[in-house]
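Asker: Here it is, the structure, as structure tokens.
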Amino acid sequence: IGQLNARTLAVMAVAACILGGIFCSLSRGAGLAVVGAAIATVLATLCARGRRVRLWLVGLVGVAGLGLVGWVGMSGQVQARFATLLDQELMAGTRIPHWRDGLAAAGDFWRLGSGLGTYRYVYRPYQERLSEAWYYHAENQYLEALVEAGVPGLGLMLLMIGLVGAAAWRLLTDDEGTAGFAFGVAGVFALASQAIHGFFDFGLYVPANVLLFALLSGSVSGRAVDLRSDRSWGRFLSLGRGGLAGPLLAVLMAGGVLWACWETRRVAAVETALRSARFEGPPGEVSAESLTDAIERVAGSLARRPDDAEARHGMATLRLHLYRVRAYEQLQRETGVSGDDPRLWQATSQIVLHARAHHFHRNNQPSELERLRGEPVIEEHLGPSLEQLVLAREACPLLAEVHVTLGELSAVLVDPAGDGVHIERARRLGPSDLGLLFRCGLLDLQAGRIGAACESWHACLSLSDRYLDEVLLLAGRHLSAVRTVEDVLPESPALLVRLARERYQADDQEEIRRLLAERAGRLLD
């Protein structure tokens, strides 16, 4: 204790503040990473040749960090947060099921991957459980690397971990200088913390984290290469000095940084334009003027980034919403209805247009269909919206919402008989999206594809009964009781019995009660 000086105490205080801040962030992955990295660093240092570790100093830093958590009044929150690690039910309902979806996607993309940055689009067709979240990352860097870059990408990541770990170990065992030993300790701790945290989060996708980690990894590797005169093993860590390889790599990296800055600026412009736009709301909440301004902003950002699928979809949605506002105003003038009549707003929906187009097609009324397409408000707004949807599909064919909207508009503007392929794609790309599945079933019903409608509604109700009332109302109008019970309702005896008891109690509903009871009995058997 008498050897402690101001510098040592200051370093311990800074380390304690960092430790306390990590726990106060309430990140369970970060907490596990810092504890695991501390243990790994202590063990590596103890195993290093001729080195001693003042374990009591490490323990004192830990106690001070935890004391800081209590001092700022967050000990209860931290304790409650980390107690969830032992809650098996909670853990089984969050990341673990999502990792299963990611592994299913990896089974199809293990050779070369789906492409960097595509995870958020690729995993969704494999998700067959109810989940309202859209994961931009896998919450597991190893799994995300496997999906996006395949086995080669994951192999490069593991190779990097092994090489940097070997360099840090060489500094711990062979470098006699204090600075070299400090580099080794920093390298082991940084590598261990990020390797552990990578199992639960995506920290290295945050620019500040990856820049610091790259700086530490390069420093550790460079010092390890210069450590000994025998550098035969160092060729795996460094290009060596002399020649054109080093300057050429530096130029390429600088060019990559400049390109990334330019690309980030374009992405930021698109995201800013989309964030400032309103995509929903009746005319009383969103005016045509505000929608026009938003369309101009998004169009300006798309001029610099024309292959952005989400921006294209946003543009199509804005133009579709502008059509609805203009059509609402036109209906008000034609009908003389004043005020906010919800029936007028509902009549402007593209789903209603889809139903009208199929009605004209089934009844062999091509002139009426052409008259519908020729309405000025439809020509002015829905045509450009359809063009944007096609461009969005070309940029990224995995957005289910794009395909279902393509089905709605193509039935009106192109061919009512050709919308089925778009709706089928949407159903396959969004097997866990309740609203999408209900919408696909409604569109198939309007098109006369009864079997496909039953399939969509069955999948929707198998996930949740949120749309049960709407489905039963539509099925009661268009389907027989036998088909509703056998093909639409899910394999849930409890739900079937509840419907028989609560919904179908009238004397004239005895037949459907019998059908529900019989199916529930077969399922129980």
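Labels used: A, B, ... for chains in the order of the structure tokens, numbers from 1 for residues in each chain, and numbers from 1 for ligands as shown.
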List the neighbours of A:Gly107 out to 10 Å using only C-alpha atoms; skip same-chain residues closer than 3 positions along the sequence, and give me the result as a PDB file with N, CA and C atoms, in the first residue's frame.
Answerer:
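Result saved to out_18.pdb:
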```pdb
ATOM      1  N   GLY A 102     -31.728 -16.917 -37.394  1.00  0.00           N
ATOM      2  CA  GLY A 102     -30.482 -16.609 -38.086  1.00  0.00           C
ATOM      3  C   GLY A 102     -29.749 -17.857 -38.537  1.00  0.00           C
ATOM      4  N   LEU A 103     -29.744 -18.890 -37.705  1.00  0.00           N
ATOM      5  CA  LEU A 103     -29.091 -20.146 -38.089  1.00  0.00           C
ATOM      6  C   LEU A 103     -29.799 -20.802 -39.259  1.00  0.00           C
ATOM      7  N   ALA A 104     -31.126 -20.680 -39.295  1.00  0.00           N
ATOM      8  CA  ALA A 104     -31.857 -21.220 -40.447  1.00  0.00           C
ATOM      9  C   ALA A 104     -31.452 -20.498 -41.723  1.00  0.00           C
ATOM     10  N   TRP A 110     -24.319 -20.341 -46.279  1.00  0.00           N
ATOM     11  CA  TRP A 110     -23.053 -20.622 -45.604  1.00  0.00           C
ATOM     12  C   TRP A 110     -21.860 -20.587 -46.555  1.00  0.00           C
ATOM     13  N   ARG A 111     -22.086 -20.716 -47.851  1.00  0.00           N
ATOM     14  CA  ARG A 111     -20.942 -20.794 -48.773  1.00  0.00           C
ATOM     15  C   ARG A 111     -20.232 -19.443 -48.899  1.00  0.00           C
ATOM     16  N   GLY A 113     -22.221 -16.309 -48.187  1.00  0.00           N
ATOM     17  CA  GLY A 113     -22.976 -15.298 -47.464  1.00  0.00           C
ATOM     18  C   GLY A 113     -23.981 -14.576 -48.336  1.00  0.00           C
ATOM     19  N   LEU A 146     -21.498 -15.202 -40.270  1.00  0.00           N
ATOM     20  CA  LEU A 146     -21.780 -16.437 -40.998  1.00  0.00           C
ATOM     21  C   LEU A 146     -22.881 -16.224 -42.032  1.00  0.00           C
ATOM     22  N   VAL A 147     -23.931 -15.464 -41.665  1.00  0.00           N
ATOM     23  CA  VAL A 147     -25.031 -15.231 -42.600  1.00  0.00           C
ATOM     24  C   VAL A 147     -24.589 -14.314 -43.732  1.00  0.00           C
ATOM     25  N   GLY A 150     -20.718 -15.848 -44.983  1.00  0.00           N
ATOM     26  CA  GLY A 150     -20.530 -17.278 -45.102  1.00  0.00           C
ATOM     27  C   GLY A 150     -19.367 -17.790 -44.268  1.00  0.00           C
TER      28      GLY A 150
END
```
Asker: Measuring atom to atom with only C-alpha atoms, identify which of A:Ser301, A:Ala494, A:Phe109, A:Ala38 is nearest to A:Gln194.
Answerer: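 Among the listed residues, A:Ala38 lies closest to A:Gln194.
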Asker: So that I can check the secondary structure, give me every residue of stretch 18-157 of chain A assigned alpha helix (DSSP H) by backbone DSSP, as a count of residues only.
Answerer: 94
Asker: Just want the 9 Å neighbourhood of stretch 341-348 of chain A, counted on only C-alpha atoms, with same-chain residues fewer than 5 positions away dropped. Output as a list in words.
Answerer: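 Returned residues: Pro282, Pro283, Tyr323, Arg324, Val325, Ala327, Tyr328, Leu331, Gln332 and Leu353 of chain A.
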Asker: Save out the residues we just selected, all heavy atoms, as a compact mmCIF listing (two decimals), in the first residue's frame.
Answerer:
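Resulting contents of again-v4.txt:
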```txt
# COMPACT_ATOMS: atom_id res chain seq x y z
N PRO A 282 -55.12 10.55 -41.60
CA PRO A 282 -56.16 11.11 -42.47
C PRO A 282 -55.85 12.55 -42.84
O PRO A 282 -54.93 13.16 -42.28
CB PRO A 282 -57.42 11.00 -41.60
CG PRO A 282 -56.92 10.98 -40.20
CD PRO A 282 -55.61 10.28 -40.25
N PRO A 283 -56.62 13.13 -43.76
CA PRO A 283 -56.31 14.49 -44.23
C PRO A 283 -56.28 15.53 -43.12
O PRO A 283 -55.57 16.53 -43.23
CB PRO A 283 -57.44 14.76 -45.23
CG PRO A 283 -57.86 13.43 -45.70
CD PRO A 283 -57.70 12.52 -44.53
N TYR A 323 -52.09 10.36 -52.97
CA TYR A 323 -53.27 9.97 -53.76
C TYR A 323 -54.50 9.90 -52.87
O TYR A 323 -55.58 10.41 -53.23
CB TYR A 323 -53.03 8.62 -54.43
CG TYR A 323 -54.33 7.88 -54.67
CD1 TYR A 323 -55.17 8.26 -55.71
CD2 TYR A 323 -54.73 6.85 -53.82
CE1 TYR A 323 -56.39 7.61 -55.91
CE2 TYR A 323 -55.94 6.20 -54.01
CZ TYR A 323 -56.77 6.58 -55.06
OH TYR A 323 -57.97 5.96 -55.24
N ARG A 324 -54.38 9.30 -51.70
CA ARG A 324 -55.54 9.13 -50.83
C ARG A 324 -56.08 10.49 -50.38
O ARG A 324 -57.30 10.69 -50.31
CB ARG A 324 -55.18 8.26 -49.63
CG ARG A 324 -54.83 6.83 -49.97
CD ARG A 324 -54.81 5.95 -48.74
NE ARG A 324 -56.13 5.84 -48.16
CZ ARG A 324 -56.41 5.18 -47.02
NH1 ARG A 324 -55.43 4.60 -46.36
NH2 ARG A 324 -57.64 5.13 -46.56
N VAL A 325 -55.19 11.41 -50.07
CA VAL A 325 -55.63 12.74 -49.64
C VAL A 325 -56.35 13.46 -50.79
O VAL A 325 -57.43 14.05 -50.60
CB VAL A 325 -54.43 13.57 -49.15
CG1 VAL A 325 -54.85 15.02 -48.89
CG2 VAL A 325 -53.85 12.96 -47.88
N ALA A 327 -57.79 12.04 -53.43
CA ALA A 327 -59.04 11.33 -53.71
C ALA A 327 -60.09 11.63 -52.65
O ALA A 327 -61.29 11.75 -52.98
CB ALA A 327 -58.77 9.82 -53.76
N TYR A 328 -59.68 11.79 -51.43
CA TYR A 328 -60.61 12.15 -50.36
C TYR A 328 -61.22 13.52 -50.62
O TYR A 328 -62.44 13.72 -50.48
CB TYR A 328 -59.86 12.14 -49.03
CG TYR A 328 -60.69 12.52 -47.82
CD1 TYR A 328 -61.47 11.57 -47.17
CD2 TYR A 328 -60.68 13.81 -47.33
CE1 TYR A 328 -62.22 11.91 -46.06
CE2 TYR A 328 -61.41 14.17 -46.22
CZ TYR A 328 -62.19 13.21 -45.59
OH TYR A 328 -62.93 13.55 -44.49
N LEU A 331 -63.75 13.15 -53.43
CA LEU A 331 -65.00 12.54 -52.97
C LEU A 331 -65.85 13.51 -52.17
O LEU A 331 -67.08 13.51 -52.27
CB LEU A 331 -64.69 11.29 -52.14
CG LEU A 331 -64.23 10.05 -52.91
CD1 LEU A 331 -63.83 8.95 -51.94
CD2 LEU A 331 -65.34 9.55 -53.83
N GLN A 332 -65.19 14.34 -51.37
CA GLN A 332 -65.94 15.34 -50.62
C GLN A 332 -66.67 16.30 -51.55
O GLN A 332 -67.83 16.65 -51.32
CB GLN A 332 -65.00 16.13 -49.69
CG GLN A 332 -64.72 15.46 -48.36
CD GLN A 332 -64.02 16.39 -47.40
OE1 GLN A 332 -63.18 17.19 -47.80
NE2 GLN A 332 -64.36 16.28 -46.14
N LEU A 353 -59.58 -0.11 -54.07
CA LEU A 353 -59.30 -0.08 -55.51
C LEU A 353 -59.04 -1.48 -56.05
O LEU A 353 -59.49 -1.84 -57.15
CB LEU A 353 -58.10 0.83 -55.80
CG LEU A 353 -58.31 2.34 -55.67
CD1 LEU A 353 -56.99 3.05 -55.92
CD2 LEU A 353 -59.37 2.82 -56.64
```
Asker: From the options A:Gln127, A:Thr173, A:Asn363, A:Ser75, which residue's atoms come nearest to A:Ala44, counting only C-alpha atoms?
Answerer: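 With only C-alpha atoms as the atom set, the closest residue is A:Thr173.
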Asker: Could you state the separation of atom CA of A:Thr45 and atom CA of A:Leu60 in Å, given to one decimal place?
Answerer: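 That distance, rounded to one decimal, is 17.6 Å.
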Asker: Could you give me, as number ranges by chain, the residues within 8 Å of stretch 201-213 of chain A, counting only C-alpha atoms and dropping anything in the same chain fewer than 2 positions from it?
Answerer: A: 29, 137-141, 190, 194, 197-199, 215-217
